[in-house]
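Only one structure is covered here, and it is reproduced in the block below.
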Amino acid sequence: SHRAAAERRSKNKLNGGGRRTEHFRLVSERPVREHKLVAREYTHVQTGARVLKLDSKDDNKVMVAAFRTPPQNAHGAPHVLEHSVLCGSRTFPTKEPFVDMLKSSLQNYLNASTYPDRTLYELASRNQKDYANLVRVYFDAVFHPNVVKSEEIFLQEGWRVRCDKKTGKKELKGVVLSEMKAGLATPEGILETESNKALFPDTSYRFDSGGDPQFIPELTHKELVQFHSLFYHPSNSYIVFYGDCPVEIELQMLHDSIQEFEANPESIAASTIRMQPALPSRVHVTCQYIAGEVTDDEGFDCDDDSQSDHSEGGEEEEQSGEEVEEDSGDDTREGAEGKEEDKEDLCEEDEDLPHVMLAWVLGDRMDPELVFAAYELARLLVTKEGSAVKQAVLGANLAASVDAGVRQQQRQPVFYIEAKSVPDPARFEQTVIRALEDAVSRGFSADELSGALNHLEFELRQDEASPVGMTRAEDALCTWIYGGDPLALLMWEAPLRVLQHAATAPAARYFEGLAERALLANPHAAVLVAEPSAELASLVAAGEVRFIERYCRARGDERVLRETRAMEEWLAREDRPEDLATIPHLALEDVPRKAECLSTRELHVGDFRADAFACALNGTTSVAAAFDASGLQAADIALLAYLLPRMPTRRHTCAELATLADVSTGGMQIAVGAYPQRYSGSAVPFLLASGKALAPKVTDLLALLAEMLTETDWSAHARMREALLEEKARLESELRCVPELFCVTRARARLCAAGAAFEEVTGGASYLSALAAACDEARESAPALASRLAALAKRALSRRHLRFFVGAEEADLQATVKQLPAFTARMPDTDEAAAVDASAADTSAVEDDEALVLPLLVNCVAVVWRSAGPFTGATYAVRKIAEFDYLWPTLRVHGGAYGAEHRVDRDGSAAAYTFSDPRLAASVTDLRPSSLAAFFEGGGVPATPAALEKYIISAAGEQLQPLTPVERCEQALRQLLCGMRDEDLQRELDELLSTTPAAVAEEAARLYGGAGTPPRVPACVCAAASADALRCDKAARALFPVVTKLL
């Protein structure tokens, strides 16, 4: 039967040109003017598989295969299956065809995602041959995966009990298990999961589709196979094709994969997403999240980061002597922006406090007007500076930060308001409800409504990120999988016009009415309080131990040891040559030879000049004012950049500024960053003030930016402290979510990599220390902090250290540059000597390898080192080989980490790191450059040019990523500030495409140390783990002379 199926597929292969679509019925054909494409819906006659072709001139072709996969329990079957189907299939039987394709493809997106009620398999490539290869591999993976007959795949990706043959120690391992454990460390993730349980008690949304780590070990291979049989049927599939590939080719590839199936009504019925009936009243739920631990016992000390990080408190910049007015004397301003009031300091930002979410079920996901309006309502009520709920909550010190949004990736959208560090949840709830009532009673001004509608339209019109076809496909699926019109969100102009008319009609009170109906009068709501628990991590660990004990008692230790040995033999088994030969791949001649051109040119208006970049931005102009921040204290520059757009000015309140920005611009940002200079060990720090607007509104954009930069009301001490607490809460949340990035930055700062010290102090763990100190200072000595920042602003924003970047349509460039001298004239004309050398004084990296203590259930490890010799194009190929052939199998497949990555920078620094990693000491060893060197010296270098070719192709694909116009503008600015040139990027691409096995061996020796070429600096190690993890792993504890508690 397998041979017969193969013969049918062979007969049906296309041999060029347009092809028939007789296996599919055309359901509809409609133009989508908003995105300049034509949408065609098809149905596969034999199985009922649904297809949507978004026919576009875009050469970046996209395919998304979606299946409705409502979870039936908390075992995580949808998530484990999402991982497992990519581990070999009938036609492509290698163990990791997903990785094999990554190795040899020009893809610019290749991934899979588990949503609350569906699973998506997504890919994109500009190369037609590559796109067809990827589509065939993905279709075979989802419809004919090897996991249905291979329990080993399930054990690798889901869970297994491993017994160490030397020590007898038993542990639970599994990639999905590690990933979901990481989620337990984030209060935000826990609140989202618990809110779905509370709001949808009668539907599949009550279960986390990713799996609860407590219940993932109850998932069996048999259950997984049954889940695939039921839900991964063509009758339950929704396939989206986007781009310029002929639809006949795409339909034929799909038919070839599903021609042996027949329609399955059971699959459709089982996957139908039911609506949750409204709850009679608001429910209250209490849950727990993992809190920080006291870690100065059990035989090891824990440094407090605010003490071990010595740079911020050591030296202060001299005061300018400028007096900052403490009281504006204007009682009409918001109290939170004007003077400091006598308020009870409820929010103690240095202790773990509850996180709270208020959530409401809105209605039907298939109503685009409702979705658009709810999105803007969240901004009007909560997230905009000066909005009613934010002002009420922060002004009363009831939370460190408050946010809002709309969860749209499910049948019934959820509007939520979420707050961090809430000392009194009951009072917080009352305050939010009262603020909503006041906002509805007061109403929104005409300017606020105009700004909200302008902001929404700007968001809908602008493509921010590539691949744009992926966004189109996901928008279509949001309604399509529920039986709605797949174009409901894509054809957004009509619902937007309806919304604009309804919201601006005289006395309409549209948004006020929506807030009343959807929030205040809506009983289908929940209040969730996530309380900190110092015992939760231990309870989870104890539960694992009990499960392992029961498992081993039931099976016997000898059997568990045999199963471990068999599994490790399977993991170590290499693919057969004939299986590897099934993987389709490109040839070097398929790779484009031309790198993207992103160089700017100088435009002059009299004696004034600016760097300009012509780009098709759909009538939008992007402007960036870059202030060289060399010599200024990095921590204070970061505080200044964060506060400037969040403070009132002498002319406007925060709310007024936010409304003006919505009315006239597409957004404004002020940020700091260090830009490594071309092939050197140095970096230049810049403060960037940027924004975008339609060409006729550029004057308003520049006026608002100048006001934010030069007219700050530094007497608004209460608002200053509120903003600092918000930033601290944001950084703490980020630290829990992506601790690996903090570890990499920390270790790079110790290595003194280009710009790393600045990055650490302005965005890393040391920035958290600086924020904590600033919050204390704002509470105890606000006038001094305000005076210091005001003085710093005069130095940092000097016109003498300013350069401009303008990105716009060619016709709009000159007109924009003509307006820049007026902006420049408003900047201070100072050139004071720098008080501090930022690159020396601001680094807070410790001298020894360091462990960051965080409330985590899994770890991350980063190893950073400096290589010898110059950076070349061959570096990209070596990095790909290291990632795919060493880090992936060693750290992920065998080690159980969710991921392991590798970066190499042009300054000669390199990093290898893991995330969601159950190991510590073993991962440190595996990530060291000496281990990578041993891999390459032990046969890791491809033996022939043909064997090397796929890695070159993969690396080239990374260098040739398609960019949206917005991304091209951003990349051109970065290239400008780094001093890189188009010819540099072209040379790197040329070197990469001409890389030989001998060049790989030479480059690997340079990067990792080899015979005669050891790294010039020993490796720096930084890990993040819980205190318990460090206590349990004695080998790891010995590796880290410094242990620093962050949360």
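Simple scheme: letters A, B, ... for chains in structure tokens order, numbers from 1 for residues in each chain, numbers from 1 for ligands in the order shown.
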
Inset, instruction - Pick out each residue of stretch 564-753 of chain A that DSSP on the backbone tags as helix (DSSP H, G or I); I need them as number ranges by chain. - result: A: 564-572, 577-580, 588-590, 634-646, 654-664, 695-710, 717-737, 739-751

Please, which residues in stretch 183-289 of chain A fall within 12 Å of stretch 534-546 of chain A when counting only C-alpha atoms, and what is the closest atom pair and distance in Å to one decimal for each, ordered by chain then residue number, as JSON lines?
```
{"residue": "A:Leu184", "atom": "CA", "partner": "A:Ala537", "partner_atom": "CA", "distance": 9.1}
{"residue": "A:Ala185", "atom": "CA", "partner": "A:Ala537", "partner_atom": "CA", "distance": 9.0}
{"residue": "A:Asp212", "atom": "CA", "partner": "A:Val540", "partner_atom": "CA", "distance": 11.3}
{"residue": "A:Pro213", "atom": "CA", "partner": "A:Val540", "partner_atom": "CA", "distance": 8.8}
{"residue": "A:Gln214", "atom": "CA", "partner": "A:Val540", "partner_atom": "CA", "distance": 7.5}
{"residue": "A:Phe215", "atom": "CA", "partner": "A:Glu544", "partner_atom": "CA", "distance": 10.2}
{"residue": "A:Ile216", "atom": "CA", "partner": "A:Glu544", "partner_atom": "CA", "distance": 11.0}
{"residue": "A:Pro217", "atom": "CA", "partner": "A:Glu544", "partner_atom": "CA", "distance": 9.2}
{"residue": "A:Glu218", "atom": "CA", "partner": "A:Glu544", "partner_atom": "CA", "distance": 11.8}
{"residue": "A:Cys287", "atom": "CA", "partner": "A:Leu536", "partner_atom": "CA", "distance": 10.7}
{"residue": "A:Gln288", "atom": "CA", "partner": "A:Leu536", "partner_atom": "CA", "distance": 7.5}
{"residue": "A:Tyr289", "atom": "CA", "partner": "A:Leu536", "partner_atom": "CA", "distance": 7.1}
```

Inset, instruction - Pick out the residues sitting within 12 Å of A:Leu802, and hand them over as a ChimeraX atom specification; count only C-alpha atoms, and ignore anything fewer than 3 positions along from it in its own chain. - result: /A:608-611,624-630,686-689,795-799,805,820-821,823-825,827-831,977

Limited to N, CA and C atoms, could you put the picked residues into a file as a CSV table (one decimal), in the first residue's frame?
```
chain,number,residue,atom,x,y,z
A,608,PHE,N,22.7,72.8,6.3
A,608,PHE,CA,22.1,71.7,7.2
A,608,PHE,C,22.1,70.4,6.4
A,609,ARG,N,22.4,69.3,7.0
A,609,ARG,CA,22.4,68.0,6.3
A,609,ARG,C,21.7,67.0,7.2
A,610,ALA,N,21.2,66.0,6.5
A,610,ALA,CA,20.6,64.8,7.2
A,610,ALA,C,20.9,63.6,6.3
A,611,ASP,N,20.9,62.4,7.0
A,611,ASP,CA,21.0,61.2,6.3
A,611,ASP,C,19.7,60.7,5.9
A,624,ALA,N,14.3,60.2,12.8
A,624,ALA,CA,15.0,59.8,14.0
A,624,ALA,C,16.1,60.9,14.3
A,625,ALA,N,16.1,61.4,15.5
A,625,ALA,CA,17.1,62.3,16.0
A,625,ALA,C,18.0,61.5,16.9
A,626,ALA,N,19.3,61.4,16.5
A,626,ALA,CA,20.2,60.6,17.2
A,626,ALA,C,21.2,61.4,17.9
A,627,PHE,N,21.2,61.4,19.3
A,627,PHE,CA,22.1,62.2,20.1
A,627,PHE,C,23.3,61.3,20.6
A,628,ASP,N,24.5,61.6,20.3
A,628,ASP,CA,25.6,60.8,20.7
A,628,ASP,C,25.7,61.0,22.2
A,629,ALA,N,25.6,59.8,23.0
A,629,ALA,CA,25.7,59.8,24.4
A,629,ALA,C,27.0,59.4,25.0
A,630,SER,N,28.1,59.5,24.2
A,630,SER,CA,29.4,59.1,24.7
A,630,SER,C,29.8,59.9,25.9
A,686,PHE,N,23.9,55.9,21.7
A,686,PHE,CA,23.0,57.0,21.2
A,686,PHE,C,21.7,57.0,22.0
A,687,LEU,N,21.2,58.2,22.2
A,687,LEU,CA,19.8,58.4,22.6
A,687,LEU,C,19.1,58.7,21.3
A,688,LEU,N,18.1,57.9,21.0
A,688,LEU,CA,17.3,58.1,19.8
A,688,LEU,C,15.9,58.6,20.1
A,689,ALA,N,15.5,59.7,19.5
A,689,ALA,CA,14.2,60.2,19.6
A,689,ALA,C,13.6,60.1,18.2
A,795,ARG,N,22.8,68.3,28.8
A,795,ARG,CA,24.0,67.8,28.1
A,795,ARG,C,23.7,66.7,27.1
A,796,ALA,N,22.8,65.8,27.4
A,796,ALA,CA,22.6,64.7,26.5
A,796,ALA,C,21.9,65.1,25.2
A,797,LEU,N,21.0,66.2,25.2
A,797,LEU,CA,20.2,66.6,24.1
A,797,LEU,C,20.8,67.8,23.4
A,798,SER,N,22.1,67.9,23.5
A,798,SER,CA,22.8,69.0,22.8
A,798,SER,C,22.7,68.9,21.3
A,799,ARG,N,22.4,70.0,20.6
A,799,ARG,CA,22.4,70.0,19.2
A,799,ARG,C,23.8,69.8,18.6
A,805,PHE,N,18.2,61.1,10.8
A,805,PHE,CA,17.9,60.1,9.8
A,805,PHE,C,16.4,60.3,9.4
A,820,LEU,N,13.9,70.2,9.6
A,820,LEU,CA,14.7,69.8,10.7
A,820,LEU,C,15.5,70.9,11.4
A,821,PRO,N,15.9,72.0,10.6
A,821,PRO,CA,16.6,73.1,11.3
A,821,PRO,C,15.8,73.7,12.5
A,823,PHE,N,13.6,72.2,14.4
A,823,PHE,CA,13.7,71.3,15.5
A,823,PHE,C,15.1,71.4,16.2
A,824,THR,N,16.1,71.5,15.4
A,824,THR,CA,17.5,71.6,16.0
A,824,THR,C,17.6,72.9,16.8
A,825,ALA,N,17.0,74.0,16.4
A,825,ALA,CA,17.1,75.2,17.1
A,825,ALA,C,16.5,75.1,18.5
A,827,MET,N,16.8,72.6,20.5
A,827,MET,CA,17.7,71.8,21.3
A,827,MET,C,18.7,72.7,22.0
A,828,PRO,N,19.1,72.3,23.3
A,828,PRO,CA,20.1,73.1,23.9
A,828,PRO,C,21.4,73.1,23.2
A,829,ASP,N,22.2,74.2,23.3
A,829,ASP,CA,23.5,74.4,22.7
A,829,ASP,C,24.6,74.3,23.7
A,830,THR,N,24.8,73.1,24.2
A,830,THR,CA,25.8,72.8,25.2
A,830,THR,C,26.8,71.8,24.7
A,831,ASP,N,28.0,72.0,25.3
A,831,ASP,CA,29.1,71.0,25.0
A,831,ASP,C,30.0,70.8,26.2
A,977,LEU,N,24.3,54.0,12.0
A,977,LEU,CA,24.9,54.3,13.3
A,977,LEU,C,26.0,53.4,13.6
```

Inset, instruction - Using only C-alpha atoms, determine which residues lie at most 6 Å from A:Asp713, disregarding the query and same-chain residues fewer than 4 positions distant; provide the list as a PyMOL selection string. - result: chain A and resi 648-650

Legend entry - All residues 10 Å or closer to A:Gly513, only C-alpha atoms, same chain fewer than 6 positions away omitted, as a list in words: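 Selected residues are Val440, Gly443, Leu519 and Leu520 of chain A.
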
Inset, instruction - For atom CA of A:Glu958 and atom CA of A:Arg892, quote the distance in Å rounded to one decimal. - result: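 The value is 21.7 Å.
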